[in-house]
Amino acid sequence: MIWESDRRIFFVGLGIAAMAVLVMFVGPELFDYRPVASRADPRSVDLPTSKRDVAAEAEPMRKPAYVVPARADADTRTWTKYESRRAFPGAPPAIPHPVSDGPAWESGKVCTACHARGGYVPKYNAYAPVTPHPNFSSCRQCHVPRLTDKLFRETAWATVARPKTGLRAMPGAPPAIPHSLQMRENCLACHSGPSSVPAIRSSHPDRGNCRQCHVPRVTDEPFER
Amino acid sequence: MSVYGDRRDFLKRMAWYSSAGAAISLMPGVSMEAWSDFEGDAAEIVWKKSPCRFCGTGCGLLIGLARDRAVAVKGDPNSPVNKGLCCVKGYHSVQMLYGKDRLTKALVRKNGELVETPIQDALDLVAAKMKETIGARGKDAVAIYGSGQWTIPDGYVATKFFKAGLGTNNIEANARLCMASAVTGFMTTFGLDEPMGCYDDIDHADTFILWGNNMPEMHPILFSRALETRRQKESGLIIDLGTRTTRASYGADKSILFKPQTDLALANAICRELFRTGLVNQDFVKKHVTFKKGKTNIGYGLEDKFKFDDEAVEIGVREYQAFLEDYTPENVEKISGVPATDIRYLAQLYGDPKRKVVSFWCMGMNQHTRGTWINNLVYNLHLLTGKISTPGNSPFSLTGQPSACGTSREVGTFTHRLPHGVVTNEHDREMAAKIWKVPVEKIPAKPTYHTVEMFRALDRGDIQFLWIQATNPFLTMPKLRRYRDGAKKEGRFIVVSDVYPTPTTDIADVILPSALWIEREGMFGNAERRTQHFEKMVDPPGDAMPDGWQLIEVARRLGYGELLPYSKKTWVQEVWEEYRQFQHGPAHEMASYEDLRRQPGVMWPHVNGKSTKWRYNTAYDPAAKGEGEFDFYGNKDHRAVVWQRPYEPPPESPDGEFPFWLCTGRVLEHWHSGSLTRRIPTLHRAVPEAYVEIHPADADRLGIRNKDPVRLTTRRGTLTLPASINGRAVPPAGMVFVPFFDERYLINELTLDAFCPISRQPDYKKCSVKVERA
Ligand code: SF4
């Protein structure tokens with residue numbers, strides 16, 4: 001069971017490596033040489049490991065999203081905001097708004113009222129981001145509020161820049177998925193709707209079957225016989 | 001192709017161009033500021049597996065590494081523990097490596113000041129002090145106090161050095177404060193330590209009964225798995241039994257509050273109801289169970305040099321049933337506050353042959369002056385109904401530390417233990433002597449001090465030299481002031497190996513900087529008998545080195561080089577191979593080093609390359625023999641024990657002067673004494689300081705509003721801290737709760753050092769306190 005998923009990763013890896021071979025025809029002189037610092041571990045992109053994940057992945061297919069006419073004056077989510085809430089690319093974001101006490105808040109039952117499907121929240125003049133993993137309900141196990149900006153002690157923590165977008169093999173090609181899909185199987189949660197960061201908003205969310213064209217980049221290693 | 005190097009190199013570059021070029025053209029004007037401390041790309045991250053450094057759940061993490069630093073974490077989808085999910089501590093765990101106040105150099109106290117010292121000189125000094133103390137006062141005047149956060153090789157080296165080298169049993173670990181009652185519970189009922197089941201039980205069960213266990217905060221991943229099971233099964237049910245209303249209560253289908261200590265009565269009442277309603281599994285009981293009773297009125301260990309030995313007497317089922325007659329639901333309602341109907345309901349859940357029941361517990365039952373008893377009593381429920389050792393039927397004792405099981409319990413870093421068995425058993429000593437290649441007389445046959453008594457001995461002066469590794473006792477010991485003042489007395493020499501300054505390093509004579517978690521290689525063992533290996537992924541800062549290697553360095557200076565002949569490069573592997581010999585055999589076979597490196601954790605007994613999921617079940621467990629379905633081979637008669645254990649009151653209950661209960665514990669975001677989690681920005685910002693939870697009616701009566709300063713006073717000390725009313729959790733009227741992670745509010749100066757006389761584990765959950773608005 002454990003190794004089955006690895007095998008799948010391997011085959012996807014093969015597909016992607018084949019793409020790299022195609023890229024050969026573009027002509028390397030166009031670019032400067034930049035070394036690849038280290039090899040990506042195949043595990044950096046995860047394929048669905050359970051039925052549940054597959055269900056989340058299929059979400060956009062079942063309920064095609066439409067471009068909701070958003071209020072023009074609403075607060076948009078910028079990259080800066082997006083990043084300031086996460087300790088590193090892929091980290092669970094902190095809760096940026098005040099949370100109340102009491103059973104419904106503690107158990108996470110209130111969270112899904114706004115974050116399951118999104119929608120305009122007048123109080124913050126913003127659209128609530130939609131969770132990409134509504135199947136998990138113990139929200140505050142991972143998402144915690146921020147009650148102070150002060151630190152207990154100074155930190156020397158540093159992390160990497162967020163994944164590069166627009167990983168196209170050639171002009172016009174659909175870009176590859178640059179990030180891990182774990183906990184983010186439902187693409188449209190972040191890539192569509194007025195709560196998404198405009199820079200990564202899809203121009204065609206209604207197509208639904210995202211991963212028919214957009215595939216994860218699992219490895220930089222070329223195919224080798 | 002020669003222009004571009006070899007073909008492989010060329011293709012690599014090609015893949016890179018395609019991404020880099022496109023990114024630039026598509027993303028003009030986008031700020032990369034917040035995360036761009038490193039130039040880099042997610043695809044540059046290399047992911048390596050490690051168990052989480054925090055709780056005993058033992059989630060599999062993938063650590064993201066770039067430029068020789070840990071930069072990200074995600075759940076390992078291949079780990080059967082967490083299947084790709086983590087809690088907020090796991091996700092942010094790597095930030096713990098980078099606090100700016102990391103201890104990177106050895107510090108030695110000179111004229112009252114801590115002075116930076118070359119590490120080799122500091123190790124020389126530690127060795128010289130040990131030698132001097134042993135020369136002047138004998139070998140039992142030196143001691144080591146370790147941790148359930150020790151890796152397996154660290155704990156093994158410590159045990160070998162102290163027991164076979166120095167020849168003293170003066171070794172204990174903080175696991176005494178969190179797991180000892182679980183161990184004695186297992187030992188008295190089954191004759192062998194650690195759970196029979198595994199986390200897969202959560203998928204197979206439908207009924208979860210939490211005994212004083214706030215799982216959504218303390219074992220969040222396991223609670224999420226239980227939630228998932230409940231979502232999928234119509235019969236899915238979570239019942240929270242506790243003394244205060246917590247996230248577990250909110251997440252459960254039903255929350256039942258009982259008065260502190262009355263869980264003993266409650267469990268007995270459920271047993272009585274099982275008999276009365278014919279829900280006892282007679283066939284199972286006849287084949288697999290004996291009934292026993294032990295001593296009663298067993299005391300609380302409050303006096304120095306307290307001694308207690310239990311005596312087991314076999315009884316018949318009639319006598320046992322007669323004993324239960326006092327525990328009618330109506331009687332128990334009176335002392336516990338649990339409605340008789342709820343007691344009957346619980347008996348129905350345990351007894352219903354169609355339901356598969358998992359009972360979960362952790363500190364609520366273990367930090368209990370009758371901790372061994374309440375562990376026995378919950379096993380009774382599963383034994384009387386035969387709901388044990390099968391998929392989905394599981395009495396499950398959870399652990400709090402990443403290697404409380406793997407290191408403290410399995411290696412046996414306690415005064416009475418050896419890696420296999422106990423020092424009092426001649427055969428066990430012979431086995432140790434053989435593997436350690438020392439004369440058997442070298443290993444002392446008499447246990448010395450359990451943890452509380454060890455700190456009392458330090459206070460009295462019987463112990464003069466104490467080495468503390470990977471733990472923070474001068475925040476976590478109950479009745480803290482006595483033990484801290486004792487350690488500061490003239491003539492005491494305290495060595496502390498740690499990664500950050502703590503209240504414990506504050507009073508140290510020598511501080512040794514330790515390598516933390518993935519800065520070295522190691523193994524942890526989690527609560528489901530799963531051993532997990534992690535490799536060294538980043539360099540430790542400055543002179544920091546693994547705790548185990550510090551011990552080896554000092555041992556060599558004392559002439560025990562031959563006893564610990566490992567090489568600096570491969571000592572972890574060498575120690576593992578040596579340690580495995582102790583556990584050889586179908587009941588506890590450990591995986592090979594290679595297997596551990598390859599897999600995301602392996603469960604013992606690991607026989608013929610297979611992990612054992614359900615012990616004592618002949619269909620799964622290679623050590624279980626015989627015709628029947630079960631074989632409780634830990635006991636000589638191959639039967640598990642149903643114990644007759646009465647309700648006895650706690651040593652201190654609310655009274656006129658101190659009218660409230662004081663309960664202490666953890667919160668989700670912080671782990672134990674907070675020395676790691678408070679240096680993780682996300683976690684500190686979520687819960688920046690400790691507080692006292694108080695019931696709104698009590699607050700009203702005392703004129704206390706939210707965040708007002710509240711003064712708590714017990715017979716041992718006073719502390720003022722902010723009130724939390726209707727916050728994250730709500731204690732019942734007449735109780736207050738304080739989390740213990742915050743070194744500014746040392747709540748353990750107020751707690752009581754009473755302990756379970758069988759396990760010697762202190763009770764941090766119950767003492768009496770006065771509450772006032774400050
Ligand atoms: S549940 Fe425990 S082991 Fe798992 S990520 Fe959280 S702290 Fe770590």
# chains A, B, ... in the order shown; residues from 1 in each chain; ligands from 1

$ residues_near_ligand --ligand "ligand 1" --cutoff "6 Å" --atoms "only C-alpha atoms and all ligand atoms" --output "list in words"
Cys52, Phe54, Cys55, Gly56, Thr57, Gly58, Cys59, Cys86, Cys87, Lys89, Gly90, His219, Pro220 and Ile221 of chain B

$ residues_around --residues "region 91-104 of chain A" --least-positions-apart "2" --cutoff "7 Å" --atoms "only C-alpha atoms" --output "VMD selection string"
(chain A and resid 85 to 89 106 to 110 142 to 146) or (chain B and resid 91 250 726 to 728)

$ select_by_dssp --residues "region 353-567 of chain B" --states "alpha helix (DSSP H)" --output "MDAnalysis selection string"
chainID B and resid 363:366 371:384 426:436 451:460 473:476 480:487 547:557

$ write_last_selection --atoms "C-alpha atoms" --output "short mmCIF file (atom, residue, chain, number, x, y, z; two decimals), in the first residue's frame"
data_model
loop_
_atom_site.label_atom_id
_atom_site.label_comp_id
_atom_site.auth_asym_id
_atom_site.auth_seq_id
_atom_site.Cartn_x
_atom_site.Cartn_y
_atom_site.Cartn_z
CA MET B 363 -2.19 12.40 31.88
CA GLY B 364 -5.65 12.51 33.44
CA MET B 365 -5.30 8.90 34.47
CA ASN B 366 -1.54 8.72 34.82
CA GLY B 371 -2.79 6.13 38.71
CA THR B 372 -1.99 2.43 38.61
CA TRP B 373 -5.44 1.61 39.92
CA ILE B 374 -7.38 3.66 37.42
CA ASN B 375 -5.30 2.14 34.59
CA ASN B 376 -6.21 -1.32 35.97
CA LEU B 377 -9.88 -0.36 36.20
CA VAL B 378 -10.19 0.74 32.58
CA TYR B 379 -8.51 -2.51 31.51
CA ASN B 380 -11.18 -4.26 33.60
CA LEU B 381 -13.87 -2.76 31.37
CA HIS B 382 -12.22 -4.16 28.25
CA LEU B 383 -11.40 -7.52 29.81
CA LEU B 384 -14.88 -8.10 31.21
CA GLU B 426 19.09 -12.18 38.45
CA HIS B 427 18.47 -13.47 34.93
CA ASP B 428 17.91 -9.98 33.61
CA ARG B 429 21.14 -8.82 35.24
CA GLU B 430 22.99 -11.76 33.73
CA MET B 431 21.67 -10.97 30.29
CA ALA B 432 22.77 -7.34 30.62
CA ALA B 433 26.19 -8.35 31.94
CA LYS B 434 26.66 -10.65 28.97
CA ILE B 435 25.72 -8.11 26.33
CA TRP B 436 27.62 -5.35 28.08
CA THR B 451 12.32 10.74 40.44
CA VAL B 452 10.62 12.55 43.33
CA GLU B 453 12.84 10.74 45.80
CA MET B 454 15.90 11.54 43.67
CA PHE B 455 15.22 15.26 43.99
CA ARG B 456 14.53 14.78 47.69
CA ALA B 457 17.89 13.04 48.00
CA LEU B 458 19.50 15.99 46.22
CA ASP B 459 17.85 18.32 48.73
CA ARG B 460 18.97 16.15 51.66
CA PRO B 473 12.75 19.86 36.01
CA PHE B 474 13.07 23.24 37.69
CA LEU B 475 9.91 24.20 35.94
CA THR B 476 8.16 20.83 35.93
CA LEU B 480 8.96 23.08 42.86
CA ARG B 481 10.40 25.40 45.47
CA ARG B 482 11.68 22.62 47.68
CA TYR B 483 13.48 20.86 44.85
CA ARG B 484 14.89 24.00 43.26
CA ASP B 485 16.17 25.32 46.57
CA GLY B 486 17.61 21.88 47.28
CA ALA B 487 19.54 21.90 44.02
CA ASP B 547 23.35 14.17 24.52
CA GLY B 548 24.50 10.58 24.12
CA TRP B 549 27.83 11.64 22.70
CA GLN B 550 28.40 14.00 25.65
CA LEU B 551 27.93 11.00 27.94
CA ILE B 552 30.37 8.91 25.92
CA GLU B 553 32.97 11.70 26.05
CA VAL B 554 32.71 11.92 29.83
CA ALA B 555 32.63 8.13 30.27
CA ARG B 556 35.87 7.87 28.33
CA ARG B 557 37.48 10.44 30.55
#

$ residues_around --residues "region 710-719 of chain B" --least-positions-apart "2" --cutoff "9 Å" --atoms "only C-alpha atoms" --output "list in words"
Lys479, Leu480, Arg481, Phe658, Leu662, Val692, Ile704, Lys707, Asp708, Leu721, Pro722, Ala723, Tyr745, Leu746, Ile747, Asn748, Glu749, Leu750, Thr751, Leu752, Cys767, Ser768, Val769, Lys770, Val771, Glu772, Arg773 and Ala774 of chain B

$ write_last_selection --atoms "N, CA, C and O atoms" --output "tab-separated table (two decimals), in the first residue's frame"
chain	number	residue	atom	x	y	z
B	479	LYS	N	5.71	20.81	43.64
B	479	LYS	CA	6.26	21.40	44.86
B	479	LYS	C	7.66	21.94	44.58
B	479	LYS	O	8.65	21.66	45.27
B	480	LEU	N	7.70	22.69	43.49
B	480	LEU	CA	8.96	23.08	42.86
B	480	LEU	C	9.96	23.73	43.80
B	480	LEU	O	11.16	23.48	43.72
B	481	ARG	N	9.46	24.59	44.69
B	481	ARG	CA	10.40	25.40	45.47
B	481	ARG	C	11.36	24.52	46.28
B	481	ARG	O	12.55	24.78	46.33
B	658	PHE	N	-8.73	26.53	51.60
B	658	PHE	CA	-8.33	26.40	50.19
B	658	PHE	C	-9.49	25.74	49.44
B	658	PHE	O	-9.47	24.53	49.20
B	662	LEU	N	-7.17	22.78	42.12
B	662	LEU	CA	-6.23	23.30	41.12
B	662	LEU	C	-5.81	22.15	40.21
B	662	LEU	O	-5.32	21.11	40.68
B	692	VAL	N	-5.19	31.71	34.17
B	692	VAL	CA	-5.92	30.77	35.01
B	692	VAL	C	-7.37	30.74	34.55
B	692	VAL	O	-8.04	31.77	34.49
B	704	ILE	N	-14.09	38.96	39.69
B	704	ILE	CA	-12.98	38.83	38.73
B	704	ILE	C	-13.52	38.93	37.31
B	704	ILE	O	-14.46	38.23	36.96
B	707	LYS	N	-9.11	38.59	32.22
B	707	LYS	CA	-7.76	39.18	32.20
B	707	LYS	C	-7.37	39.89	33.51
B	707	LYS	O	-6.26	40.38	33.64
B	708	ASP	N	-8.29	39.96	34.46
B	708	ASP	CA	-7.93	40.52	35.77
B	708	ASP	C	-6.85	39.65	36.41
B	708	ASP	O	-6.83	38.44	36.20
B	721	LEU	N	-1.73	35.52	38.29
B	721	LEU	CA	-1.72	35.50	36.83
B	721	LEU	C	-3.09	35.87	36.28
B	721	LEU	O	-4.06	35.91	37.03
B	722	PRO	N	-3.17	36.22	34.98
B	722	PRO	CA	-4.43	36.74	34.44
B	722	PRO	C	-5.54	35.70	34.34
B	722	PRO	O	-5.27	34.53	34.07
B	723	ALA	N	-6.77	36.16	34.51
B	723	ALA	CA	-7.92	35.26	34.47
B	723	ALA	C	-8.34	34.99	33.03
B	723	ALA	O	-8.20	35.85	32.16
B	745	TYR	N	5.21	32.20	35.01
B	745	TYR	CA	4.22	31.81	36.01
B	745	TYR	C	4.46	30.36	36.40
B	745	TYR	O	3.92	29.44	35.78
B	746	LEU	N	5.31	30.17	37.39
B	746	LEU	CA	5.71	28.80	37.75
B	746	LEU	C	4.65	28.15	38.62
B	746	LEU	O	4.74	28.13	39.84
B	747	ILE	N	3.64	27.60	37.96
B	747	ILE	CA	2.51	27.04	38.69
B	747	ILE	C	2.93	25.85	39.56
B	747	ILE	O	2.29	25.54	40.57
B	748	ASN	N	4.04	25.21	39.17
B	748	ASN	CA	4.45	24.05	39.98
B	748	ASN	C	5.00	24.43	41.35
B	748	ASN	O	5.23	23.55	42.18
B	749	GLU	N	5.18	25.72	41.59
B	749	GLU	CA	5.49	26.10	42.97
B	749	GLU	C	4.28	25.87	43.88
B	749	GLU	O	4.40	25.86	45.10
B	750	LEU	N	3.11	25.69	43.25
B	750	LEU	CA	1.88	25.51	44.03
B	750	LEU	C	1.44	24.05	44.12
B	750	LEU	O	0.65	23.69	44.98
B	751	THR	N	1.90	23.22	43.17
B	751	THR	CA	1.37	21.86	43.12
B	751	THR	C	1.97	20.99	44.23
B	751	THR	O	2.95	21.35	44.87
B	752	LEU	N	1.36	19.83	44.39
B	752	LEU	CA	1.68	18.94	45.50
B	752	LEU	C	2.51	17.77	44.98
B	752	LEU	O	2.27	17.28	43.89
B	767	CYS	N	-4.96	19.49	43.66
B	767	CYS	CA	-4.63	19.90	45.00
B	767	CYS	C	-5.59	21.03	45.32
B	767	CYS	O	-6.38	21.44	44.47
B	768	SER	N	-5.56	21.53	46.54
B	768	SER	CA	-6.55	22.55	46.88
B	768	SER	C	-5.90	23.93	46.90
B	768	SER	O	-4.72	24.08	47.25
B	769	VAL	N	-6.67	24.92	46.52
B	769	VAL	CA	-6.12	26.25	46.28
B	769	VAL	C	-7.12	27.33	46.69
B	769	VAL	O	-8.34	27.13	46.60
B	770	LYS	N	-6.58	28.45	47.13
B	770	LYS	CA	-7.41	29.63	47.41
B	770	LYS	C	-7.33	30.55	46.21
B	770	LYS	O	-6.26	30.73	45.62
B	771	VAL	N	-8.46	31.14	45.82
B	771	VAL	CA	-8.52	31.99	44.64
B	771	VAL	C	-9.02	33.38	45.04
B	771	VAL	O	-10.08	33.50	45.65
B	772	GLU	N	-8.26	34.42	44.70
B	772	GLU	CA	-8.70	35.79	45.02
B	772	GLU	C	-8.39	36.72	43.86
B	772	GLU	O	-7.46	36.47	43.10
B	773	ARG	N	-9.11	37.82	43.82
B	773	ARG	CA	-8.73	38.85	42.86
B	773	ARG	C	-7.53	39.60	43.46
B	773	ARG	O	-7.57	40.01	44.60
B	774	ALA	N	-6.46	39.71	42.67
B	774	ALA	CA	-5.25	40.34	43.23
B	774	ALA	C	-5.33	41.86	43.14
B	774	ALA	O	-6.03	42.38	42.28

$ closest_residue --among "A:Cys210, A:Cys114, A:Met170, A:Ala189" --to "chain B" --atoms "only C-alpha atoms"
A:Met170

$ decode --residues "region 327-362 of chain B" --atoms "N, CA and C atoms" --output "short mmCIF file (atom, residue, chain, number, x, y, z; two decimals), in the first residue's frame"
data_model
loop_
_atom_site.label_atom_id
_atom_site.label_comp_id
_atom_site.auth_asym_id
_atom_site.auth_seq_id
_atom_site.Cartn_x
_atom_site.Cartn_y
_atom_site.Cartn_z
N TYR B 327 -20.75 -0.05 44.53
CA TYR B 327 -20.67 0.94 43.45
C TYR B 327 -21.94 0.95 42.59
N THR B 328 -23.07 1.08 43.24
CA THR B 328 -24.30 1.20 42.45
C THR B 328 -24.27 2.56 41.76
N PRO B 329 -24.91 2.68 40.60
CA PRO B 329 -24.91 3.97 39.92
C PRO B 329 -25.39 5.09 40.84
N GLU B 330 -26.34 4.80 41.69
CA GLU B 330 -26.87 5.85 42.57
C GLU B 330 -25.82 6.28 43.60
N ASN B 331 -25.13 5.31 44.19
CA ASN B 331 -24.06 5.66 45.13
C ASN B 331 -22.99 6.48 44.45
N VAL B 332 -22.62 6.05 43.28
CA VAL B 332 -21.51 6.70 42.59
C VAL B 332 -21.92 8.08 42.08
N GLU B 333 -23.18 8.22 41.75
CA GLU B 333 -23.67 9.54 41.36
C GLU B 333 -23.39 10.53 42.49
N LYS B 334 -23.59 10.07 43.73
CA LYS B 334 -23.40 10.97 44.87
C LYS B 334 -21.96 11.46 44.99
N ILE B 335 -20.99 10.58 44.81
CA ILE B 335 -19.62 11.07 44.97
C ILE B 335 -19.02 11.65 43.68
N SER B 336 -19.49 11.18 42.54
CA SER B 336 -18.83 11.61 41.29
C SER B 336 -19.56 12.75 40.61
N GLY B 337 -20.84 12.90 40.92
CA GLY B 337 -21.63 13.91 40.22
C GLY B 337 -22.11 13.45 38.85
N VAL B 338 -21.80 12.23 38.46
CA VAL B 338 -22.25 11.72 37.16
C VAL B 338 -23.63 11.08 37.34
N PRO B 339 -24.64 11.53 36.61
CA PRO B 339 -25.98 10.96 36.76
C PRO B 339 -25.97 9.44 36.57
N ALA B 340 -26.74 8.75 37.39
CA ALA B 340 -26.80 7.28 37.31
C ALA B 340 -27.15 6.83 35.89
N THR B 341 -28.00 7.58 35.23
CA THR B 341 -28.39 7.18 33.86
C THR B 341 -27.18 7.21 32.92
N ASP B 342 -26.29 8.17 33.12
CA ASP B 342 -25.09 8.23 32.28
C ASP B 342 -24.17 7.04 32.55
N ILE B 343 -24.13 6.63 33.81
CA ILE B 343 -23.29 5.47 34.14
C ILE B 343 -23.84 4.22 33.45
N ARG B 344 -25.16 4.08 33.47
CA ARG B 344 -25.78 2.93 32.80
C ARG B 344 -25.56 3.01 31.30
N TYR B 345 -25.62 4.21 30.77
CA TYR B 345 -25.39 4.43 29.33
C TYR B 345 -23.97 4.00 28.96
N LEU B 346 -23.00 4.38 29.77
CA LEU B 346 -21.61 3.99 29.49
C LEU B 346 -21.45 2.49 29.52
N ALA B 347 -22.11 1.83 30.49
CA ALA B 347 -22.03 0.37 30.56
C ALA B 347 -22.62 -0.25 29.30
N GLN B 348 -23.70 0.35 28.80
CA GLN B 348 -24.30 -0.17 27.57
C GLN B 348 -23.32 -0.04 26.40
N LEU B 349 -22.62 1.08 26.34
CA LEU B 349 -21.67 1.28 25.24
C LEU B 349 -20.53 0.26 25.32
N TYR B 350 -19.97 0.11 26.52
CA TYR B 350 -18.88 -0.86 26.66
C TYR B 350 -19.38 -2.27 26.39
N GLY B 351 -20.61 -2.55 26.83
CA GLY B 351 -21.08 -3.94 26.76
C GLY B 351 -21.72 -4.34 25.45
N ASP B 352 -22.25 -3.40 24.71
CA ASP B 352 -22.96 -3.72 23.47
C ASP B 352 -22.07 -4.55 22.54
N PRO B 353 -22.45 -5.80 22.28
CA PRO B 353 -21.57 -6.67 21.46
C PRO B 353 -21.37 -6.12 20.05
N LYS B 354 -22.26 -5.24 19.61
CA LYS B 354 -22.11 -4.73 18.24
C LYS B 354 -21.13 -3.56 18.15
N ARG B 355 -20.82 -2.97 19.31
CA ARG B 355 -19.94 -1.81 19.27
C ARG B 355 -18.48 -2.20 19.46
N LYS B 356 -17.62 -1.51 18.73
CA LYS B 356 -16.18 -1.68 18.94
C LYS B 356 -15.69 -0.44 19.68
N VAL B 357 -15.06 -0.67 20.81
CA VAL B 357 -14.78 0.44 21.72
C VAL B 357 -13.27 0.66 21.90
N VAL B 358 -12.86 1.91 21.72
CA VAL B 358 -11.50 2.31 22.10
C VAL B 358 -11.61 3.26 23.28
N SER B 359 -10.88 2.99 24.36
CA SER B 359 -10.76 3.96 25.46
C SER B 359 -9.41 4.64 25.29
N PHE B 360 -9.43 5.96 25.35
CA PHE B 360 -8.17 6.71 25.28
C PHE B 360 -7.91 7.40 26.61
N TRP B 361 -6.66 7.44 27.02
CA TRP B 361 -6.32 8.27 28.17
C TRP B 361 -4.86 8.67 28.11
N CYS B 362 -4.53 9.66 28.93
CA CYS B 362 -3.12 10.06 29.01
C CYS B 362 -2.87 10.59 30.42
#
